[in-house]
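Q: Have a peek at input-v7.txt (compact mmCIF, C-alpha atoms and all ligand atoms).
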```txt
# COMPACT_ATOMS: atom_id res chain seq x y z
CA MET G 26 -22.31 1.95 -5.90
CA ILE G 27 -20.78 3.96 -3.07
CA ALA G 28 -18.59 6.55 -4.79
CA SER G 29 -19.92 10.10 -4.90
CA GLU G 30 -18.77 13.37 -6.42
CA HIS G 31 -18.89 15.07 -3.03
CA TRP G 32 -16.00 13.31 -1.36
CA GLY G 33 -13.19 14.88 -3.32
CA LEU G 34 -12.34 11.70 -5.24
CA PRO G 35 -9.02 11.87 -7.12
CA GLU G 36 -9.62 13.35 -10.56
CA ALA G 37 -7.48 10.75 -12.39
CA GLN G 38 -9.29 7.69 -11.02
CA PHE G 39 -12.36 7.74 -13.28
CA TRP G 40 -13.42 4.20 -12.29
CA LEU G 41 -14.28 5.46 -8.81
CA ARG G 42 -17.11 7.38 -10.48
CA GLY G 43 -18.38 4.24 -12.21
CA GLU G 44 -16.82 5.13 -15.61
CA ARG G 45 -15.25 2.37 -17.69
CA PRO G 46 -12.05 2.75 -19.73
CA ALA G 47 -12.59 2.82 -23.50
CA ASP G 48 -9.98 0.02 -23.92
CA PRO G 49 -8.22 -2.37 -21.54
CA VAL G 50 -4.83 -0.97 -22.64
CA ARG G 51 -4.21 2.61 -23.75
CA GLN G 52 -1.04 4.06 -25.26
CA ASP G 53 0.50 7.00 -23.42
CA LEU G 54 1.38 9.45 -26.17
CA GLY G 55 3.71 11.37 -23.88
CA THR G 56 6.00 8.46 -22.96
CA GLY G 57 5.24 5.92 -25.70
CA GLY G 58 4.41 3.50 -22.89
CA ALA G 59 0.97 2.29 -21.86
CA HIS G 60 -1.75 2.35 -19.22
CA VAL G 61 -3.27 -1.02 -18.39
CA TYR G 62 -6.85 -1.08 -17.08
CA GLY G 63 -8.07 -4.60 -17.85
CA HIS G 64 -7.78 -7.48 -15.36
CA ALA G 65 -6.50 -10.08 -17.87
CA GLU G 66 -4.00 -7.59 -19.31
CA ALA G 67 -2.80 -6.63 -15.81
CA LEU G 68 -2.21 -10.32 -15.05
CA ARG G 69 -0.15 -10.62 -18.21
CA VAL G 70 2.12 -7.75 -17.20
CA LEU G 71 2.48 -8.78 -13.56
CA GLY G 72 3.11 -12.40 -14.57
CA ASP G 73 5.96 -11.60 -16.97
CA PRO G 74 8.78 -9.84 -15.06
CA ARG G 75 11.21 -10.71 -17.86
CA SER G 76 9.39 -8.43 -20.34
CA TYR G 77 8.04 -5.95 -17.77
CA SER G 78 10.79 -5.05 -15.33
CA SER G 79 10.13 -3.62 -11.85
CA ASN G 80 13.36 -1.66 -11.96
CA THR G 81 11.62 1.60 -12.86
CA ALA G 82 14.61 3.47 -11.41
CA ARG G 83 16.38 2.69 -14.72
CA LEU G 84 14.21 5.49 -16.16
CA GLN G 85 14.95 7.72 -13.16
CA PRO G 86 18.73 7.61 -12.64
CA GLN G 87 18.42 9.79 -9.50
CA MET G 88 16.59 6.89 -7.79
CA GLN G 89 19.26 4.27 -8.64
CA GLU G 90 21.06 4.78 -5.35
CA PHE G 91 18.10 3.26 -3.43
CA VAL G 92 17.63 0.13 -5.54
CA GLU G 93 19.97 -2.17 -3.61
CA GLY G 94 17.81 -4.00 -1.08
CA ASP G 95 14.48 -2.65 -2.38
CA LEU G 96 12.43 -5.72 -3.31
CA LEU G 97 10.00 -3.58 -5.26
CA GLN G 98 12.75 -2.58 -7.71
CA ARG G 99 14.40 -5.98 -8.23
CA ASP G 100 13.75 -8.50 -10.99
CA PRO G 101 14.29 -12.27 -10.93
CA PRO G 102 16.64 -13.95 -10.15
CA GLU G 103 18.09 -11.34 -7.67
CA HIS G 104 14.55 -10.60 -6.47
CA ALA G 105 14.03 -14.19 -5.29
CA GLU G 106 17.38 -14.27 -3.45
CA LEU G 107 16.57 -11.05 -1.62
CA ARG G 108 13.00 -12.08 -0.87
CA THR G 109 14.18 -15.39 0.60
CA LEU G 110 16.65 -13.53 2.81
CA VAL G 111 14.22 -10.92 4.15
CA SER G 112 11.50 -13.56 4.55
CA ARG G 113 13.79 -15.22 7.11
CA ALA G 114 13.32 -12.11 9.25
CA PHE G 115 9.71 -11.19 8.37
CA THR G 116 8.08 -14.57 9.03
CA PRO G 117 4.38 -15.48 9.46
CA LYS G 118 5.18 -16.27 13.12
CA VAL G 119 6.57 -12.77 13.67
CA VAL G 120 3.41 -11.27 12.15
CA ALA G 121 0.99 -13.52 14.05
CA GLY G 122 2.79 -12.63 17.30
CA LEU G 123 1.79 -8.99 16.81
CA GLU G 124 -1.95 -9.62 17.26
CA PRO G 125 -2.26 -8.87 21.02
CA ARG G 126 -0.20 -5.70 20.68
CA ILE G 127 -2.29 -4.46 17.73
CA ALA G 128 -5.47 -5.07 19.78
CA GLU G 129 -4.01 -3.22 22.78
CA LEU G 130 -2.92 -0.26 20.62
CA THR G 131 -6.33 -0.06 18.94
CA LEU G 132 -8.09 0.13 22.29
CA GLU G 133 -5.65 2.77 23.55
CA LEU G 134 -6.20 4.92 20.46
CA LEU G 135 -9.99 4.49 20.64
CA ASP G 136 -10.04 5.33 24.34
CA ARG G 137 -8.55 8.72 23.57
CA ALA G 138 -11.44 9.51 21.22
CA ASN G 139 -14.38 10.91 23.10
CA GLY G 140 -17.77 10.46 21.42
CA ARG G 141 -16.44 11.62 18.06
CA LEU G 142 -13.34 10.60 16.25
CA ASP G 143 -11.64 11.06 12.91
CA LEU G 144 -10.93 7.45 12.09
CA VAL G 145 -7.93 8.36 9.94
CA ALA G 146 -6.17 10.87 12.21
CA ASP G 147 -7.01 9.10 15.48
CA VAL G 148 -6.55 5.41 14.58
CA ALA G 149 -5.81 4.43 10.97
CA HIS G 150 -2.79 6.73 10.54
CA PRO G 151 -0.99 6.23 13.88
CA LEU G 152 -1.66 2.49 14.32
CA PRO G 153 0.27 1.02 11.34
CA ALA G 154 3.12 3.49 11.93
CA ILE G 155 3.46 2.36 15.56
CA VAL G 156 3.23 -1.30 14.48
CA ILE G 157 5.99 -1.00 11.85
CA ALA G 158 8.17 1.10 14.20
CA GLU G 159 7.85 -1.46 17.02
CA LEU G 160 8.41 -4.31 14.58
CA LEU G 161 11.58 -2.75 13.20
CA GLY G 162 12.66 -1.59 16.64
CA VAL G 163 12.80 2.16 16.03
CA PRO G 164 11.26 4.52 18.62
CA ALA G 165 7.49 4.71 18.00
CA ASP G 166 7.38 8.23 19.45
CA GLU G 167 9.54 9.37 16.51
CA ARG G 168 6.87 8.24 14.07
CA ASP G 169 5.84 11.79 13.09
CA LEU G 170 9.39 12.21 11.84
CA PHE G 171 9.57 9.17 9.57
CA THR G 172 5.90 9.13 8.50
CA GLY G 173 6.41 12.79 7.55
CA TRP G 174 9.34 11.80 5.28
CA VAL G 175 7.31 8.94 3.77
CA ASP G 176 4.42 11.30 3.14
CA VAL G 177 6.59 13.82 1.31
CA ALA G 178 8.40 11.01 -0.58
CA LEU G 179 5.02 9.83 -1.86
CA GLY G 180 4.36 13.27 -3.30
CA GLY G 181 2.26 14.83 -0.56
CA ALA G 182 0.15 11.75 -0.02
CA ASN G 183 -1.06 12.75 3.38
CA SER G 184 -1.55 16.45 2.98
CA GLY G 185 -3.63 15.99 -0.16
CA GLU G 186 -1.26 18.42 -1.92
CA PHE G 187 0.11 16.23 -4.69
CA ASP G 188 3.04 17.93 -6.41
CA ALA G 189 2.30 17.61 -10.13
CA ASP G 190 5.79 18.59 -11.40
CA PRO G 191 7.58 15.21 -11.93
CA GLU G 192 11.12 16.62 -11.69
CA GLN G 193 10.38 18.45 -8.47
CA ARG G 194 8.67 15.31 -7.19
CA THR G 195 11.77 13.20 -7.90
CA ARG G 196 14.10 15.76 -6.24
CA THR G 197 11.90 15.86 -3.14
CA ALA G 198 11.57 12.05 -3.08
CA VAL G 199 15.37 11.62 -3.30
CA ALA G 200 15.88 13.99 -0.36
CA MET G 201 13.28 12.14 1.75
CA PHE G 202 14.60 8.67 0.82
CA ARG G 203 18.07 9.80 1.96
CA LYS G 204 16.70 10.97 5.32
CA LEU G 205 14.89 7.64 5.80
CA ARG G 206 17.93 5.63 4.74
CA ASP G 207 20.29 7.53 7.04
CA TYR G 208 17.88 7.23 9.95
CA LEU G 209 17.45 3.47 9.46
CA THR G 210 21.15 2.88 8.78
CA GLU G 211 21.98 4.47 12.12
CA HIS G 212 19.53 2.20 13.93
CA ALA G 213 20.72 -0.91 12.01
CA ASP G 214 24.35 -0.11 12.88
CA GLU G 215 23.37 0.03 16.56
CA ARG G 216 21.80 -3.44 16.23
CA ARG G 217 24.99 -4.82 14.71
CA ALA G 218 26.85 -3.67 17.82
CA GLN G 219 24.05 -4.54 20.27
CA PRO G 220 21.50 -7.06 18.98
CA ARG G 221 17.94 -6.84 20.31
CA ASP G 222 14.72 -8.76 19.72
CA ASP G 223 13.50 -6.80 16.71
CA LEU G 224 13.25 -6.96 12.92
CA LEU G 225 16.29 -4.74 12.29
CA THR G 226 18.42 -7.16 14.30
CA ARG G 227 16.93 -10.14 12.44
CA LEU G 228 17.62 -8.41 9.10
CA VAL G 229 21.21 -7.71 10.11
CA GLU G 230 21.62 -11.37 11.13
CA ALA G 231 19.56 -13.00 8.32
CA GLU G 232 21.62 -15.40 6.29
CA VAL G 233 20.97 -17.81 3.41
CA ALA G 234 23.75 -20.11 2.21
CA GLY G 235 26.36 -17.99 3.98
CA VAL G 236 25.16 -14.74 2.39
CA ARG G 237 24.05 -11.81 4.52
CA LEU G 238 22.31 -8.55 3.64
CA THR G 239 24.64 -5.62 3.05
CA ARG G 240 24.37 -2.44 5.12
CA ALA G 241 22.61 -0.66 2.24
CA GLU G 242 20.25 -3.60 1.66
CA VAL G 243 19.11 -3.60 5.29
CA ALA G 244 18.45 0.16 5.23
CA HIS G 245 16.70 0.15 1.86
CA PHE G 246 14.54 -2.85 2.71
CA ALA G 247 13.50 -1.21 6.00
CA THR G 248 12.74 1.98 4.05
CA SER G 249 10.58 0.04 1.62
CA LEU G 250 8.58 -1.39 4.54
CA LEU G 251 7.75 2.13 5.70
CA ILE G 252 6.91 3.27 2.16
CA ALA G 253 4.86 0.20 1.24
CA GLY G 254 3.33 -0.63 4.59
CA HIS G 255 2.21 2.49 6.38
CA LEU G 256 -0.18 4.61 4.36
CA THR G 257 -1.53 1.59 2.46
CA THR G 258 -2.71 0.09 5.74
CA THR G 259 -4.07 3.48 6.86
CA MET G 260 -6.14 3.53 3.68
CA LEU G 261 -7.27 -0.08 4.01
CA LEU G 262 -8.58 0.59 7.54
CA GLY G 263 -10.28 3.86 6.55
CA ASN G 264 -11.77 2.49 3.34
CA THR G 265 -13.17 -0.63 5.02
CA VAL G 266 -14.86 1.38 7.77
CA PHE G 267 -16.17 3.72 5.03
CA CYS G 268 -17.65 0.72 3.15
CA LEU G 269 -19.21 -0.68 6.32
CA ASP G 270 -20.72 2.69 7.17
CA ALA G 271 -22.31 2.78 3.71
CA HIS G 272 -23.62 -0.78 4.18
CA PRO G 273 -25.16 -1.09 7.66
CA GLU G 274 -26.34 -4.65 6.92
CA GLN G 275 -22.70 -5.70 6.41
CA GLN G 276 -21.66 -3.82 9.55
CA ALA G 277 -24.30 -5.72 11.56
CA ARG G 278 -23.12 -8.98 10.01
CA VAL G 279 -19.45 -8.57 10.93
CA ARG G 280 -20.41 -7.33 14.38
CA ALA G 281 -22.34 -10.57 14.93
CA ASP G 282 -19.74 -12.84 13.37
CA ARG G 283 -16.03 -12.06 13.18
CA SER G 284 -15.50 -14.80 10.62
CA ALA G 285 -17.23 -12.51 8.07
CA LEU G 286 -14.39 -9.95 8.38
CA PRO G 287 -11.77 -11.40 5.99
CA ALA G 288 -14.19 -11.32 3.02
CA VAL G 289 -15.17 -7.73 3.90
CA ILE G 290 -11.51 -6.71 3.91
CA GLU G 291 -10.81 -8.40 0.55
CA GLU G 292 -13.82 -6.71 -1.01
CA SER G 293 -12.72 -3.33 0.36
CA LEU G 294 -9.28 -3.90 -1.22
CA ARG G 295 -10.98 -4.64 -4.55
CA LEU G 296 -13.43 -1.75 -4.57
CA LEU G 297 -11.12 0.91 -3.11
CA SER G 298 -7.59 -0.36 -3.84
CA PRO G 299 -5.10 1.67 -1.72
CA PHE G 300 -2.22 1.31 -4.23
CA ALA G 301 -4.24 2.22 -7.31
CA SER G 302 -1.29 1.56 -9.62
CA VAL G 303 2.08 -0.17 -9.94
CA ALA G 304 4.71 0.60 -12.56
CA ARG G 305 6.86 -1.54 -14.83
CA VAL G 306 9.32 -0.84 -17.67
CA THR G 307 9.42 -2.86 -20.92
CA THR G 308 12.74 -4.64 -21.49
CA ALA G 309 12.02 -5.37 -25.19
CA GLU G 310 9.27 -4.56 -27.66
CA VAL G 311 6.03 -6.16 -26.46
CA GLU G 312 2.51 -6.62 -27.77
CA LEU G 313 -0.23 -5.97 -25.26
CA GLY G 314 -3.97 -5.55 -25.83
CA GLY G 315 -3.37 -5.07 -29.55
CA LEU G 316 -0.72 -2.37 -29.00
CA ARG G 317 2.97 -2.54 -29.77
CA ILE G 318 5.04 -0.98 -27.00
CA PRO G 319 8.76 -0.39 -27.66
CA ALA G 320 11.52 -1.32 -25.17
CA ASP G 321 12.35 0.93 -22.20
CA ARG G 322 8.86 2.45 -21.90
CA PRO G 323 6.86 2.78 -18.70
CA VAL G 324 3.77 0.63 -18.29
CA VAL G 325 1.38 1.64 -15.53
CA VAL G 326 -0.89 -1.14 -14.31
CA TRP G 327 -4.00 0.43 -12.79
CA LEU G 328 -4.89 -2.16 -10.14
CA GLY G 329 -7.87 -0.04 -9.06
CA ALA G 330 -9.35 -0.15 -12.58
CA ALA G 331 -8.53 -3.85 -13.16
CA ASN G 332 -10.33 -4.56 -9.90
CA ARG G 333 -13.50 -3.11 -11.47
CA ASP G 334 -13.16 -4.85 -14.83
CA PRO G 335 -16.73 -6.05 -15.58
CA ARG G 336 -15.27 -8.96 -17.61
CA ARG G 337 -13.91 -10.34 -14.30
CA PHE G 338 -16.19 -8.86 -11.63
CA PRO G 339 -19.95 -8.76 -12.25
CA ARG G 340 -21.55 -5.53 -10.87
CA PRO G 341 -18.03 -4.17 -10.30
CA ASP G 342 -19.10 -0.98 -8.50
CA ASP G 343 -21.10 -2.83 -5.83
CA PHE G 344 -19.59 -3.61 -2.43
CA ASP G 345 -20.32 -7.33 -2.23
CA PRO G 346 -18.24 -9.32 0.29
CA ASP G 347 -20.00 -12.50 -0.88
CA ARG G 348 -18.05 -12.54 -4.15
CA ALA G 349 -16.41 -15.94 -4.42
CA PRO G 350 -13.83 -16.10 -5.77
CA ASN G 351 -12.58 -12.53 -5.43
CA PRO G 352 -9.36 -12.48 -7.48
CA HIS G 353 -8.64 -8.80 -6.80
CA LEU G 354 -5.20 -7.35 -7.44
CA GLY G 355 -5.13 -5.03 -4.42
CA PHE G 356 -1.94 -6.70 -3.14
CA GLY G 357 -0.52 -7.12 -6.64
CA ARG G 358 0.17 -10.54 -8.21
CA GLY G 359 3.13 -12.68 -9.17
CA VAL G 360 6.62 -12.54 -7.70
CA HIS G 361 6.08 -9.09 -6.14
CA PHE G 362 2.85 -10.08 -4.36
CA CYS G 363 2.74 -7.94 -1.22
CA LEU G 364 5.09 -9.29 1.42
CA GLY G 365 3.12 -7.43 4.10
CA ALA G 366 -0.32 -8.79 3.11
CA PRO G 367 -0.61 -11.04 6.22
CA LEU G 368 0.22 -8.03 8.46
CA ALA G 369 -2.23 -5.70 6.65
CA ARG G 370 -4.99 -8.33 6.84
CA LEU G 371 -4.27 -8.93 10.54
CA GLU G 372 -4.38 -5.20 11.33
CA GLY G 373 -7.67 -4.94 9.41
CA GLU G 374 -9.25 -7.83 11.29
CA VAL G 375 -8.08 -6.77 14.74
CA VAL G 376 -9.07 -3.11 14.32
CA LEU G 377 -12.48 -3.85 12.83
CA ASP G 378 -13.16 -6.43 15.52
CA GLN G 379 -12.44 -3.91 18.28
CA PHE G 380 -14.60 -1.19 16.84
CA PRO G 381 -17.69 0.15 18.56
CA ALA G 382 -20.81 0.84 16.43
CA LEU G 383 -19.98 3.69 14.14
CA GLY G 384 -21.71 6.18 11.95
CA THR G 385 -20.58 9.05 9.75
CA VAL G 386 -21.52 12.59 10.74
CA PRO G 387 -23.79 14.11 8.04
CA GLU G 388 -22.56 17.69 8.57
CA ASP G 389 -18.91 16.56 8.42
CA PRO G 390 -18.64 14.16 5.43
CA PRO G 391 -15.68 11.90 4.60
CA ARG G 392 -13.03 13.18 2.22
CA PHE G 393 -10.72 11.22 -0.07
CA ARG G 394 -7.02 11.87 -0.78
CA ARG G 395 -6.51 13.73 -4.04
CA HIS G 396 -3.45 11.70 -4.98
CA PRO G 397 -3.66 10.26 -8.54
CA SER G 398 -2.46 6.79 -7.59
CA LEU G 399 -3.50 6.31 -3.97
CA THR G 400 -7.11 5.55 -3.09
CA GLY G 401 -8.24 6.21 0.41
CA VAL G 402 -10.23 8.33 2.78
CA GLU G 403 -8.14 11.16 4.17
CA ARG G 404 -10.70 12.25 6.77
CA LEU G 405 -13.44 10.05 8.15
CA PRO G 406 -15.21 11.78 11.06
CA LEU G 407 -17.36 9.31 12.98
CA ARG G 408 -19.81 9.24 15.86
CA THR G 409 -19.18 6.35 18.22
CA SER G 410 -21.88 4.77 20.34
C1 LIG G 501 4.36 -5.12 -2.40
C2 LIG G 501 -0.08 -3.29 -1.67
C3 LIG G 501 0.65 -3.42 3.12
C4 LIG G 501 5.28 -4.45 2.33
C5 LIG G 501 3.08 -4.65 -2.61
C6 LIG G 501 2.43 -4.57 -3.90
C7 LIG G 501 1.20 -4.04 -3.70
C8 LIG G 501 1.05 -3.80 -2.28
C9 LIG G 501 0.15 -3.73 -4.75
C10 LIG G 501 3.02 -5.03 -5.24
C11 LIG G 501 3.86 -3.94 -5.87
C12 LIG G 501 4.34 -4.32 -7.26
O1 LIG G 501 3.94 -5.33 -7.83
O2 LIG G 501 5.13 -3.52 -7.82
C13 LIG G 501 -0.26 -3.18 -0.32
C14 LIG G 501 -1.51 -2.80 0.32
C15 LIG G 501 -1.30 -2.85 1.67
C16 LIG G 501 0.08 -3.25 1.89
C17 LIG G 501 -2.78 -2.42 -0.42
C18 LIG G 501 -2.25 -2.55 2.79
C19 LIG G 501 -3.52 -2.71 2.71
C20 LIG G 501 1.96 -3.73 3.33
C21 LIG G 501 2.59 -3.85 4.62
C22 LIG G 501 3.90 -4.10 4.40
C23 LIG G 501 4.09 -4.18 2.96
C24 LIG G 501 1.87 -3.69 5.96
C25 LIG G 501 5.01 -4.33 5.37
C26 LIG G 501 5.08 -3.83 6.57
C27 LIG G 501 5.42 -4.73 0.98
C28 LIG G 501 6.68 -5.12 0.37
C29 LIG G 501 6.41 -5.32 -0.99
C30 LIG G 501 4.99 -5.03 -1.18
C31 LIG G 501 8.02 -5.28 1.07
C32 LIG G 501 7.40 -5.74 -2.06
C33 LIG G 501 7.32 -7.22 -2.29
C34 LIG G 501 8.19 -7.66 -3.45
O3 LIG G 501 8.52 -6.85 -4.31
O4 LIG G 501 8.56 -8.86 -3.47
N1 LIG G 501 2.21 -4.19 -1.64
N2 LIG G 501 0.67 -3.44 0.66
N3 LIG G 501 2.90 -3.95 2.34
N4 LIG G 501 4.44 -4.69 0.03
FE1 LIG G 501 2.52 -4.20 0.35
```
Mind converting the file's structure to structure tokens?
Ligand code: HEM
A:
Amino acid sequence: MIASEHWGLPEAQFWLRGERPADPVRQDLGTGGAHVYGHAEALRVLGDPRSYSSNTARLQPQMQEFVEGDLLQRDPPEHAELRTLVSRAFTPKVVAGLEPRIAELTLELLDRANGRLDLVADVAHPLPAIVIAELLGVPADERDLFTGWVDVALGGANSGEFDADPEQRTRTAVAMFRKLRDYLTEHADERRAQPRDDLLTRLVEAEVAGVRLTRAEVAHFATSLLIAGHLTTTMLLGNTVFCLDAHPEQQARVRADRSALPAVIEESLRLLSPFASVARVTTAEVELGGLRIPADRPVVVWLGAANRDPRRFPRPDDFDPDRAPNPHLGFGRGVHFCLGAPLARLEGEVVLDQFPALGTVPEDPPRFRRHPSLTGVERLPLRTS
């Protein structure tokens, strides 16, 4: 087990301390909804979008204005239509083509670090932001601007100052979403007038059966890429290096054989799942784990806890890349399975492959984000050799 009290682990994520939930599903007395911790129960929710809708904005009317074009908020059948359209622009070929650039960027960022580096600040935070910016075609040197908005929209994810007042959080998120949308709309409008070789242009031009994305859909989809794809990848990179530092035998193994990397990345996603939870809303009364949940109630699926369900994963708190199969839910499951998973996996493999031998600095220990639903190192000072 690698979790320790000393790293500022998020209070709410009890499984990181090796604790097990009393039941796989627990009622939330405040909302009348439920928290789902078990793997089988999580699969049931994620596999039944008809009963468990992703359109959580229906409970937060202020967020309705961003739903158009946001895959994460759509239910079948509109979800499939939108996913088919955006998949025309965000293809496996586009992702695979990014490999040399990711390797070049990693080396550039590592070169700047001299003897000591904070893996998060120096590599894991800037790299995925630059990659998404270059992919979309927005200026990478403006990344502090849009990653700052994303950070605040996620409730202070990067500063570690999670704002606990839900109404204030929604107001702040709405303001940040608007900034992101306006910023991306401006860039998308430019592409309509002057196409370039980038994802925004491909989104503007994507067409299935004569149907194109609307202006709002392009902007909201691009926004969702920044929200879903930046900090999650930062955390994946940081958490995997953290796991390898705690397991020198695994570090030596991947250093000797790159083909061992994918299993290491999957196990890191299981043990320290960056998106610890996803939310759904019941569309009718449902029965789950022996509980009756009325319609229109929030259901929070704790992927991080399901990924440590001992009924599915023997020795769930151990970092064991040899688990086969490893049916973790770190990228979700079902129709909303992460669209960016191939990119996140590629970034993980390229970065870890480029890394020099690393070691944590005993007098400057790692620290985790304090966010209740994000799991990841916030600072990871390292010695390089
Ligand atoms: C969906 C996790 C990286 C784009 C999801 C979901 C999870 C997830 C759990 C499902 C959400 C749900 O069911 O409600 C992660 C993790 C990542 C990562 C852990 C990094 C390690 C990325 C990247 C991108 C991305 C790099 C794109 C640049 C998306 C999109 C969706 C999604 C667009 C929505 C798909 C849909 O609803 O059909 N991600 N993600 N993600 N992710 Fe990722």
Q: Could you list, as a ChimeraX atom specification, all the residues within 6 Å of ligand LIG 501 (chain G), counting only C-alpha atoms and all ligand atoms?
A: /G:96-97,249-250,253-254,257-258,261,299-300,303,355-357,360-366,368-369
Q: I'd like the box whose edges run along x, y and z of the file and which contains every listed atom of stretch 263-282 of chain G, padded by 5 Å per side; could you state its centre and edge lengths in Å, one decimal, as JSON?
A:
```
{"center_x": -18.3, "center_y": -4.5, "center_z": 9.0, "size_x": 26.1, "size_y": 26.7, "size_z": 21.8}
```
Q: How many Å separate atom CA of G:Gln98 from atom CA of G:Ser79?
A: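 Taking atom CA of G:Gln98 as the start and atom CA of G:Ser79 as the end point, the length is 5.0 Å.
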Q: Considering only C-alpha atoms, state which residue in the set G:Leu84, G:Gly180, G:Thr56, G:Leu225 is at the smallest distance from G:Arg395.
A: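 Ranking G:Leu84, G:Gly180, G:Thr56, G:Leu225 by distance to G:Arg395, first place goes to G:Gly180.
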Q: Which residues come within 8 Å of G:Leu313, counting only C-alpha atoms, excluding same-chain residues fewer than 4 positions away, as a list of chain:residue names?
A: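 Using only C-alpha atoms, the neighbours found are G:Val50, G:Glu66, G:Arg317, G:Ile318.
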Q: Work out how far atom CA of G:Asp48 is from atom CA of G:Pro339, in Å to one decimal.
A: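 Calculated distance between atom CA of G:Pro339 and atom CA of G:Asp48 is 17.7 Å.
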Q: Residues near G:Leu34, anyone? I mean within 9 Å using all atoms listed in the file, not counting same-chain ones fewer than 5 positions away, as an NGL selection string.
A: :G and (28-29 or 39 or 41-42 or 392-396 or 400-402)
Q: Please determine, counting all atoms listed in the file, which residue among G:Pro35, G:Val326, G:Val119, G:Gly58 has the shortest atom-to-atom distance to G:Ala309.
A: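 Counting all atoms listed in the file, the residue closest to G:Ala309 is G:Gly58.
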Q: Tell me which of G:Pro387, G:Ala247, G:Asp334, G:Ser293 sits closest to G:Ala47, counting all atoms listed in the file.
A: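 With all atoms listed in the file as the atom set, the closest residue is G:Asp334.
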Q: Pull the neighbourhood of (20.3, 5.6, -3.6) for me: all residues within 10 Å in file coordinates, counting only C-alpha atoms, as a PyMOL selection string.
A: chain G and resi 82+86-93+199+202-203+206+241+245
Q: Please produce a file of those selected residues containing C-alpha atoms, as a PDB file, in the coordinates of the input.
A:
```pdb
ATOM      1  CA  ALA G  82      14.610   3.470 -11.410  1.00  0.00           C
ATOM      2  CA  PRO G  86      18.730   7.610 -12.640  1.00  0.00           C
ATOM      3  CA  GLN G  87      18.420   9.790  -9.500  1.00  0.00           C
ATOM      4  CA  MET G  88      16.590   6.890  -7.790  1.00  0.00           C
ATOM      5  CA  GLN G  89      19.260   4.270  -8.640  1.00  0.00           C
ATOM      6  CA  GLU G  90      21.060   4.780  -5.350  1.00  0.00           C
ATOM      7  CA  PHE G  91      18.100   3.260  -3.430  1.00  0.00           C
ATOM      8  CA  VAL G  92      17.630   0.130  -5.540  1.00  0.00           C
ATOM      9  CA  GLU G  93      19.970  -2.170  -3.610  1.00  0.00           C
ATOM     10  CA  VAL G 199      15.370  11.620  -3.300  1.00  0.00           C
ATOM     11  CA  PHE G 202      14.600   8.670   0.820  1.00  0.00           C
ATOM     12  CA  ARG G 203      18.070   9.800   1.960  1.00  0.00           C
ATOM     13  CA  ARG G 206      17.930   5.630   4.740  1.00  0.00           C
ATOM     14  CA  ALA G 241      22.610  -0.660   2.240  1.00  0.00           C
ATOM     15  CA  HIS G 245      16.700   0.150   1.860  1.00  0.00           C
TER      16      HIS G 245
END
```
Q: Provide the atom CA of G:Thr81 to atom CA of G:Val156 distance in Å, to one decimal place.
A: 28.7 Å
Q: Ranking G:Pro151, G:Arg51, G:Leu134, G:Thr226 by minimum distance to G:Arg240 and counting all atoms listed in the file, which one comes first?
A: G:Thr226
Q: Which residues of stretch 199-316 of chain G have any atom within 8 Å of an atom in stretch 372-377 of chain G when counting all atoms listed in the file, and what is the closest pair of atoms for each, with the distance in Å to one decimal? Order the rows by chain and rising number and write it as a Markdown table.
A:
```
| residue | atom | partner | partner_atom | distance |
| --- | --- | --- | --- | --- |
| G:Thr258 | CA | G:Glu372 | CA | 7.9 |
| G:Leu261 | CA | G:Gly373 | CA | 7.3 |
| G:Leu262 | CA | G:Gly373 | CA | 5.9 |
| G:Val266 | CA | G:Leu377 | CA | 7.7 |
| G:Leu286 | CA | G:Glu374 | CA | 6.3 |
| G:Pro287 | CA | G:Glu374 | CA | 6.9 |
| G:Ile290 | CA | G:Gly373 | CA | 6.9 |
```
Q: Neighbours of G:Leu123 within 12 Å (only C-alpha atoms; same-chain residues fewer than 3 positions away dropped), as a compact mmCIF listing (two decimals) with C-alpha atoms, in the coordinates of the input?
A:
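Now in part_13.txt:
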```
# COMPACT_ATOMS: atom_id res chain seq x y z
CA PHE G 115 9.71 -11.19 8.37
CA THR G 116 8.08 -14.57 9.03
CA PRO G 117 4.38 -15.48 9.46
CA LYS G 118 5.18 -16.27 13.12
CA VAL G 119 6.57 -12.77 13.67
CA VAL G 120 3.41 -11.27 12.15
CA ARG G 126 -0.20 -5.70 20.68
CA ILE G 127 -2.29 -4.46 17.73
CA ALA G 128 -5.47 -5.07 19.78
CA GLU G 129 -4.01 -3.22 22.78
CA LEU G 130 -2.92 -0.26 20.62
CA PRO G 153 0.27 1.02 11.34
CA ILE G 155 3.46 2.36 15.56
CA VAL G 156 3.23 -1.30 14.48
CA ILE G 157 5.99 -1.00 11.85
CA GLU G 159 7.85 -1.46 17.02
CA LEU G 160 8.41 -4.31 14.58
CA ASP G 223 13.50 -6.80 16.71
CA PRO G 367 -0.61 -11.04 6.22
CA LEU G 368 0.22 -8.03 8.46
CA ALA G 369 -2.23 -5.70 6.65
CA LEU G 371 -4.27 -8.93 10.54
CA GLU G 372 -4.38 -5.20 11.33
CA VAL G 375 -8.08 -6.77 14.74
```
Q: Residues at most 7 Å from stretch 343-346 of chain G, counting only C-alpha atoms, excluding those fewer than 4 positions away in the same chain, as a ChimeraX atom specification?
A: /G:26,288-289,292,296
Q: The selected residues should be written to file as a PDB file, in the coordinates of the input (atoms: C-alpha atoms).
A:
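Saved file selection.pdb follows:
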```
ATOM      1  CA  MET G  26     -22.310   1.950  -5.900  1.00  0.00           C
ATOM      2  CA  ALA G 288     -14.190 -11.320   3.020  1.00  0.00           C
ATOM      3  CA  VAL G 289     -15.170  -7.730   3.900  1.00  0.00           C
ATOM      4  CA  GLU G 292     -13.820  -6.710  -1.010  1.00  0.00           C
ATOM      5  CA  LEU G 296     -13.430  -1.750  -4.570  1.00  0.00           C
TER       6      LEU G 296
END
```
